[in-house]
$ cat my_file02.cif   # mmCIF, C-alpha atoms
data_run
#
loop_
_atom_site.label_atom_id
_atom_site.label_comp_id
_atom_site.auth_asym_id
_atom_site.auth_seq_id
_atom_site.Cartn_x
_atom_site.Cartn_y
_atom_site.Cartn_z
CA MET A 1 100.20 -6.99 -24.05
CA ASP A 2 101.37 -5.32 -20.82
CA LYS A 3 98.77 -4.55 -18.24
CA LEU A 4 98.57 -1.04 -16.85
CA SER A 5 99.27 -0.72 -13.15
CA PRO A 6 96.41 0.53 -10.97
CA ASN A 7 98.34 3.74 -10.24
CA ARG A 8 98.92 4.41 -13.94
CA VAL A 9 95.25 3.82 -14.73
CA PHE A 10 94.26 6.20 -11.91
CA PHE A 11 96.54 8.99 -13.15
CA GLN A 12 95.39 8.53 -16.75
CA ARG A 13 91.76 8.82 -15.69
CA ALA A 14 92.60 11.86 -13.60
CA ARG A 15 94.25 13.55 -16.59
CA VAL A 16 91.26 12.77 -18.80
CA ARG A 17 88.89 14.15 -16.15
CA GLU A 18 90.96 17.32 -15.79
CA SER A 19 91.09 17.71 -19.57
CA VAL A 20 87.30 17.38 -19.88
CA GLN A 21 86.69 19.81 -17.02
CA GLY A 22 89.18 22.27 -18.48
CA GLY A 23 87.48 22.05 -21.87
CA ALA A 24 84.06 22.65 -20.32
CA ILE A 25 85.34 25.70 -18.44
CA SER A 26 86.95 27.10 -21.58
CA LEU A 27 83.72 26.59 -23.51
CA ALA A 28 81.68 28.31 -20.80
CA VAL A 29 84.08 31.25 -20.79
CA ALA A 30 83.92 31.50 -24.58
CA VAL A 31 80.11 31.40 -24.57
CA ALA A 32 79.95 34.07 -21.86
CA ALA A 33 82.38 36.27 -23.79
CA GLN A 34 80.33 35.88 -26.97
CA ALA A 35 77.09 36.74 -25.14
CA GLN A 36 78.71 39.82 -23.59
CA SER A 37 79.94 40.90 -27.01
CA GLU A 38 76.45 40.45 -28.50
CA ASN A 39 74.87 42.43 -25.65
CA ALA A 40 77.37 45.24 -26.18
CA ALA A 41 76.58 45.30 -29.90
CA ILE A 42 72.85 45.48 -29.15
CA ALA A 43 73.43 48.32 -26.69
CA GLN A 44 75.41 50.30 -29.27
CA GLY A 45 72.77 49.69 -31.95
CA LEU A 46 69.94 50.80 -29.67
CA LYS A 47 71.80 53.99 -28.80
CA ARG A 48 71.98 54.72 -32.55
CA GLN A 49 68.28 53.74 -32.88
CA ASP A 50 69.29 51.39 -35.66
CA PRO A 51 66.03 50.32 -37.40
CA GLU A 52 67.59 47.17 -38.85
CA LEU A 53 68.70 46.06 -35.39
CA LEU A 54 65.20 46.62 -34.02
CA ASP A 55 63.74 44.48 -36.82
CA GLN A 56 66.23 41.72 -35.99
CA LEU A 57 65.40 41.89 -32.28
CA ILE A 58 61.66 41.73 -32.96
CA GLU A 59 62.13 38.71 -35.20
CA LEU A 60 64.34 37.01 -32.63
CA TYR A 61 62.29 37.70 -29.49
CA GLN A 62 58.71 38.18 -30.71
CA HIS A 63 57.44 34.72 -29.84
CA ARG A 64 59.03 34.67 -26.39
CA LEU A 65 57.77 38.16 -25.57
CA MET A 66 54.23 37.40 -26.72
CA ARG A 67 54.16 34.17 -24.70
CA TYR A 68 55.34 36.02 -21.60
CA LEU A 69 52.69 38.72 -22.00
CA LEU A 70 49.96 36.16 -22.63
CA PHE A 71 50.81 34.37 -19.41
CA LEU A 72 50.92 37.63 -17.46
CA THR A 73 47.65 39.05 -18.77
CA GLY A 74 45.68 35.94 -19.77
CA LYS A 75 44.16 37.92 -22.67
CA ARG A 76 45.46 37.91 -26.23
CA GLU A 77 44.08 41.33 -27.15
CA VAL A 78 45.74 42.96 -24.14
CA ALA A 79 48.97 41.03 -24.76
CA GLU A 80 49.09 42.19 -28.38
CA ASP A 81 48.67 45.84 -27.38
CA LEU A 82 51.39 45.54 -24.76
CA PHE A 83 53.61 43.73 -27.25
CA GLN A 84 53.54 46.76 -29.55
CA GLU A 85 54.04 49.16 -26.66
CA THR A 86 57.03 47.16 -25.39
CA TRP A 87 58.87 47.51 -28.68
CA MET A 88 58.06 51.21 -28.78
CA ARG A 89 59.68 51.54 -25.35
CA VAL A 90 62.71 49.60 -26.59
CA LEU A 91 63.05 52.03 -29.49
CA LEU A 92 62.56 55.17 -27.39
CA ARG A 93 64.55 54.09 -24.33
CA GLY A 94 67.17 51.93 -25.97
CA ALA A 95 69.94 54.21 -24.73
CA GLN A 96 69.16 53.01 -21.20
CA TYR A 97 70.31 49.48 -22.05
CA ASN A 98 74.03 49.27 -21.27
CA GLY A 99 74.66 45.67 -22.31
CA ASN A 100 75.74 44.51 -18.84
CA ALA A 101 72.70 42.22 -18.49
CA ARG A 102 71.10 39.92 -21.03
CA PHE A 103 68.88 41.77 -23.46
CA ASP A 104 65.94 39.44 -22.87
CA THR A 105 65.90 40.20 -19.13
CA TRP A 106 65.77 43.93 -19.91
CA LEU A 107 63.02 43.31 -22.48
CA PHE A 108 60.90 41.29 -20.03
CA THR A 109 61.37 43.98 -17.37
CA ILE A 110 59.94 46.60 -19.75
CA ALA A 111 57.00 44.35 -20.60
CA ARG A 112 56.30 43.60 -16.95
CA ASN A 113 56.32 47.27 -16.00
CA LEU A 114 53.79 47.98 -18.77
CA VAL A 115 51.52 45.23 -17.42
CA ILE A 116 51.73 46.78 -13.96
CA ASP A 117 50.98 50.26 -15.32
CA LEU A 118 47.94 48.96 -17.20
CA SER A 119 46.69 47.10 -14.15
CA ARG A 120 46.93 50.23 -12.03
CA LYS A 121 44.84 52.15 -14.55
CA ARG A 122 42.18 49.44 -14.64
CA THR A 123 42.19 48.96 -10.84
CA MET A 124 42.07 45.19 -11.22
CA ALA A 125 43.81 42.31 -9.50
CA SER A 126 47.30 42.71 -10.86
CA LEU A 127 50.98 42.04 -10.74
CA ASP A 128 51.27 45.38 -8.99
CA GLU A 129 49.10 44.15 -6.13
CA MET A 130 51.02 40.91 -6.20
CA SER A 131 54.32 42.77 -5.86
CA GLU A 132 53.10 44.85 -2.95
CA SER A 133 51.49 42.01 -1.04
CA LYS A 134 53.27 40.52 1.94
CA GLU A 135 54.46 37.06 1.07
CA ASP A 136 55.71 34.31 3.27
CA ASP A 137 59.41 34.19 2.43
CA ARG A 138 60.20 31.32 4.72
CA PRO A 139 62.14 28.58 2.94
CA PHE A 140 59.81 26.22 1.16
CA GLU A 141 61.15 23.46 -1.02
CA VAL A 142 59.61 20.61 -2.94
CA ALA A 143 61.68 17.47 -2.79
CA MET A 144 62.24 16.47 -6.39
CA SER A 145 64.27 13.82 -8.12
CA GLY A 146 64.18 13.85 -11.90
CA PRO A 147 62.08 16.19 -14.05
CA SER A 148 60.10 18.96 -12.38
CA PRO A 149 56.28 18.84 -12.40
CA LEU A 150 56.24 21.44 -15.17
CA GLU A 151 58.66 19.41 -17.29
CA GLN A 152 56.58 16.28 -16.71
CA LEU A 153 53.48 18.16 -17.75
CA GLU A 154 55.12 19.39 -20.95
CA GLU A 155 56.17 15.85 -21.82
CA ARG A 156 52.73 14.33 -21.32
CA GLU A 157 50.27 17.06 -22.21
CA ASN A 158 49.80 19.32 -25.19
CA CYS A 159 50.76 23.00 -25.18
CA ALA A 160 47.18 24.22 -24.82
CA GLU A 161 46.69 22.20 -21.65
CA VAL A 162 50.00 23.38 -20.22
CA GLY A 163 48.93 26.99 -20.78
CA GLU A 164 45.53 26.29 -19.24
CA VAL A 165 47.11 24.86 -16.10
CA LEU A 166 49.55 27.73 -15.70
CA LEU A 167 46.77 30.30 -16.03
CA LYS A 168 45.03 28.71 -13.04
CA LEU A 169 47.98 29.47 -10.77
CA GLU A 170 48.42 32.68 -8.83
CA PRO A 171 50.10 35.35 -11.03
CA ASN A 172 53.26 35.54 -8.93
CA TYR A 173 53.80 31.77 -9.16
CA ARG A 174 52.90 31.67 -12.85
CA GLU A 175 55.33 34.42 -13.78
CA VAL A 176 58.30 32.81 -12.05
CA LEU A 177 57.55 29.42 -13.60
CA VAL A 178 57.35 30.94 -17.08
CA LEU A 179 60.58 32.87 -16.66
CA ARG A 180 62.42 29.87 -15.21
CA PHE A 181 61.26 27.01 -17.40
CA TYR A 182 60.16 28.69 -20.62
CA GLU A 183 62.65 31.55 -20.80
CA GLU A 184 65.38 29.69 -18.91
CA LEU A 185 66.39 32.70 -16.82
CA SER A 186 68.47 32.13 -13.73
CA LEU A 187 66.95 32.78 -10.33
CA GLU A 188 69.11 35.89 -10.01
CA GLU A 189 67.88 37.17 -13.40
CA ILE A 190 64.27 36.50 -12.40
CA ALA A 191 64.85 38.50 -9.23
CA GLY A 192 66.07 41.36 -11.42
CA VAL A 193 63.05 41.23 -13.72
CA THR A 194 60.50 40.99 -10.91
CA ARG A 195 62.41 43.26 -8.52
CA ALA A 196 61.97 40.67 -5.80
CA GLN A 197 64.46 39.27 -3.33
CA LEU A 198 66.13 36.01 -4.31
CA SER A 199 64.49 34.24 -1.37
CA THR A 200 61.09 35.43 -2.62
CA VAL A 201 61.80 34.13 -6.12
CA LYS A 202 62.78 30.73 -4.71
CA SER A 203 59.66 30.62 -2.57
CA ARG A 204 57.41 31.45 -5.53
CA LEU A 205 59.14 28.86 -7.70
CA TYR A 206 58.83 26.04 -5.20
CA ARG A 207 55.25 26.89 -4.26
CA GLY A 208 54.31 27.21 -7.92
CA LEU A 209 55.72 23.77 -8.67
CA ALA A 210 53.80 22.35 -5.71
CA ALA A 211 50.59 24.00 -6.96
CA LEU A 212 51.01 22.31 -10.35
CA ARG A 213 50.63 18.80 -8.97
CA PRO A 214 46.88 18.82 -8.16
CA GLU A 215 46.13 20.62 -11.44
CA MET A 216 48.01 17.94 -13.35
CA GLU A 217 46.14 15.19 -11.56
CA GLN A 218 42.79 16.86 -12.23
CA ILE A 219 43.47 17.08 -15.98
CA ARG A 220 44.50 13.45 -16.19
CA ALA A 221 41.53 12.29 -14.11
CA SER A 222 39.10 14.16 -16.37
CA ARG A 223 40.24 12.35 -19.49
CA PRO A 224 38.28 9.34 -20.70
CA VAL A 225 40.06 6.04 -20.31
CA VAL A 226 40.91 4.50 -23.69
CA GLU A 227 41.06 0.74 -23.60
CA ALA A 228 43.78 -0.92 -25.62
CA VAL A 229 42.57 -2.90 -28.63
CA VAL A 230 43.91 -6.44 -28.63
#
$ encode --input "my_file02.cif" --output "structure tokens"
Amino acid sequence: MDKLSPNRVFFQRARVRESVQGGAISLAVAVAAQAQSENAAIAQGLKRQDPELLDQLIELYQHRLMRYLLFLTGKREVAEDLFQETWMRVLLRGAQYNGNARFDTWLFTIARNLVIDLSRKRTMASLDEMSESKEDDRPFEVAMSGPSPLEQLEERENCAEVGEVLLKLEPNYREVLVLRFYEELSLEEIAGVTRAQLSTVKSRLYRGLAALRPEMEQIRASRPVVEAVV
């Protein structure tokens, strides 16, 4: 059997690499086009105030929305009230959604604004105060290789403990972590939801991840050591 020359092997590998990259780009374009089409369909349905569409959206996003509100408020009763109010706003103001952005980012923006409004009425420490406070926007990065502290925590701890740790963080850090790692929004989309500069979002994300480390260590240290049975 003839051996392939080094040059031939190189060009074959290059063609395979180009083919794989081209396929990945085509897939990404197709996915983006499908998402844009779905957003446009949602926008049209909301303009018609289609009740069936609203039911579908509630079924699709209810768990994510409730989780987001629970992390923002820290209280189930308040989160449940805001959950209902959010969907009422979606129904009444659906014509404002134009389909250019992802529906979930628009939904979270509505929910966040309701939390801020409620906090203003109750004159309590709030996301509103958080948004108006002067933050240090100087670059701050946590050197990481491998999974993030939040991903490590999810792998090793149960969901209740993860929620408990997140609720101990400052609200501005907690919100960005939830939107980034639970809702998988991009940094630019998070900036849109929170109405913060991209540099501020990055700062909150990195500082939030850094704040997770001592909380993780404290939880693990508080657990009783179980000796292995030989």
$ atom_distance --input "my_file02.cif" --atom1 "CA of Arg204 in chain A" --atom2 "CA of Asn172 in chain A"
6.7 Å
$ resolve_selection --input "my_file02.cif" --expression "the PyMOL selection byres ((chain A and resi 65) around 9)" --output "count of residues only"
14
$ atom_distance --input "my_file02.cif" --atom1 "CA of Glu183 in chain A" --atom2 "CA of Leu198 in chain A"
17.4 Å
$ atom_distance --input "my_file02.cif" --atom1 "CA of Lys202 in chain A" --atom2 "CA of Pro171 in chain A"
14.9 Å
$ residues_around --input "my_file02.cif" --residues "Glu189 in chain A" --least-positions-apart "4" --cutoff "10 Å" --atoms "all atoms listed in the file" --output "number ranges by chain"
A: 101-102, 104-106, 179-180, 184-185, 193-195, 198, 201
$ residues_around --input "my_file02.cif" --residues "range 49-51 of chain A" --least-positions-apart "6" --cutoff "9 Å" --atoms "only C-alpha atoms" --output "list in words"
Leu91, Leu92, Gly94 and Ala95 of chain A
$ residues_around --input "my_file02.cif" --residues "Gly74 in chain A" --least-positions-apart "2" --cutoff "12 Å" --atoms "all atoms listed in the file" --output "mmCIF file with C-alpha atoms, in the coordinates of the input"
data_model
loop_
_atom_site.group_PDB
_atom_site.id
_atom_site.type_symbol
_atom_site.label_atom_id
_atom_site.label_comp_id
_atom_site.auth_asym_id
_atom_site.auth_seq_id
_atom_site.Cartn_x
_atom_site.Cartn_y
_atom_site.Cartn_z
ATOM 1 C CA MET A 66 54.230 37.400 -26.720
ATOM 2 C CA ARG A 67 54.160 34.170 -24.700
ATOM 3 C CA TYR A 68 55.340 36.020 -21.600
ATOM 4 C CA LEU A 69 52.690 38.720 -22.000
ATOM 5 C CA LEU A 70 49.960 36.160 -22.630
ATOM 6 C CA PHE A 71 50.810 34.370 -19.410
ATOM 7 C CA LEU A 72 50.920 37.630 -17.460
ATOM 8 C CA ARG A 76 45.460 37.910 -26.230
ATOM 9 C CA GLU A 77 44.080 41.330 -27.150
ATOM 10 C CA VAL A 78 45.740 42.960 -24.140
ATOM 11 C CA ALA A 79 48.970 41.030 -24.760
ATOM 12 C CA GLU A 80 49.090 42.190 -28.380
ATOM 13 C CA VAL A 115 51.520 45.230 -17.420
ATOM 14 C CA SER A 126 47.300 42.710 -10.860
ATOM 15 C CA GLY A 163 48.930 26.990 -20.780
ATOM 16 C CA GLU A 164 45.530 26.290 -19.240
ATOM 17 C CA VAL A 165 47.110 24.860 -16.100
ATOM 18 C CA LEU A 166 49.550 27.730 -15.700
ATOM 19 C CA LEU A 167 46.770 30.300 -16.030
ATOM 20 C CA LYS A 168 45.030 28.710 -13.040
ATOM 21 C CA LEU A 169 47.980 29.470 -10.770
ATOM 22 C CA GLU A 170 48.420 32.680 -8.830
ATOM 23 C CA PRO A 171 50.100 35.350 -11.030
ATOM 24 C CA ARG A 174 52.900 31.670 -12.850
ATOM 25 C CA GLU A 175 55.330 34.420 -13.780
#
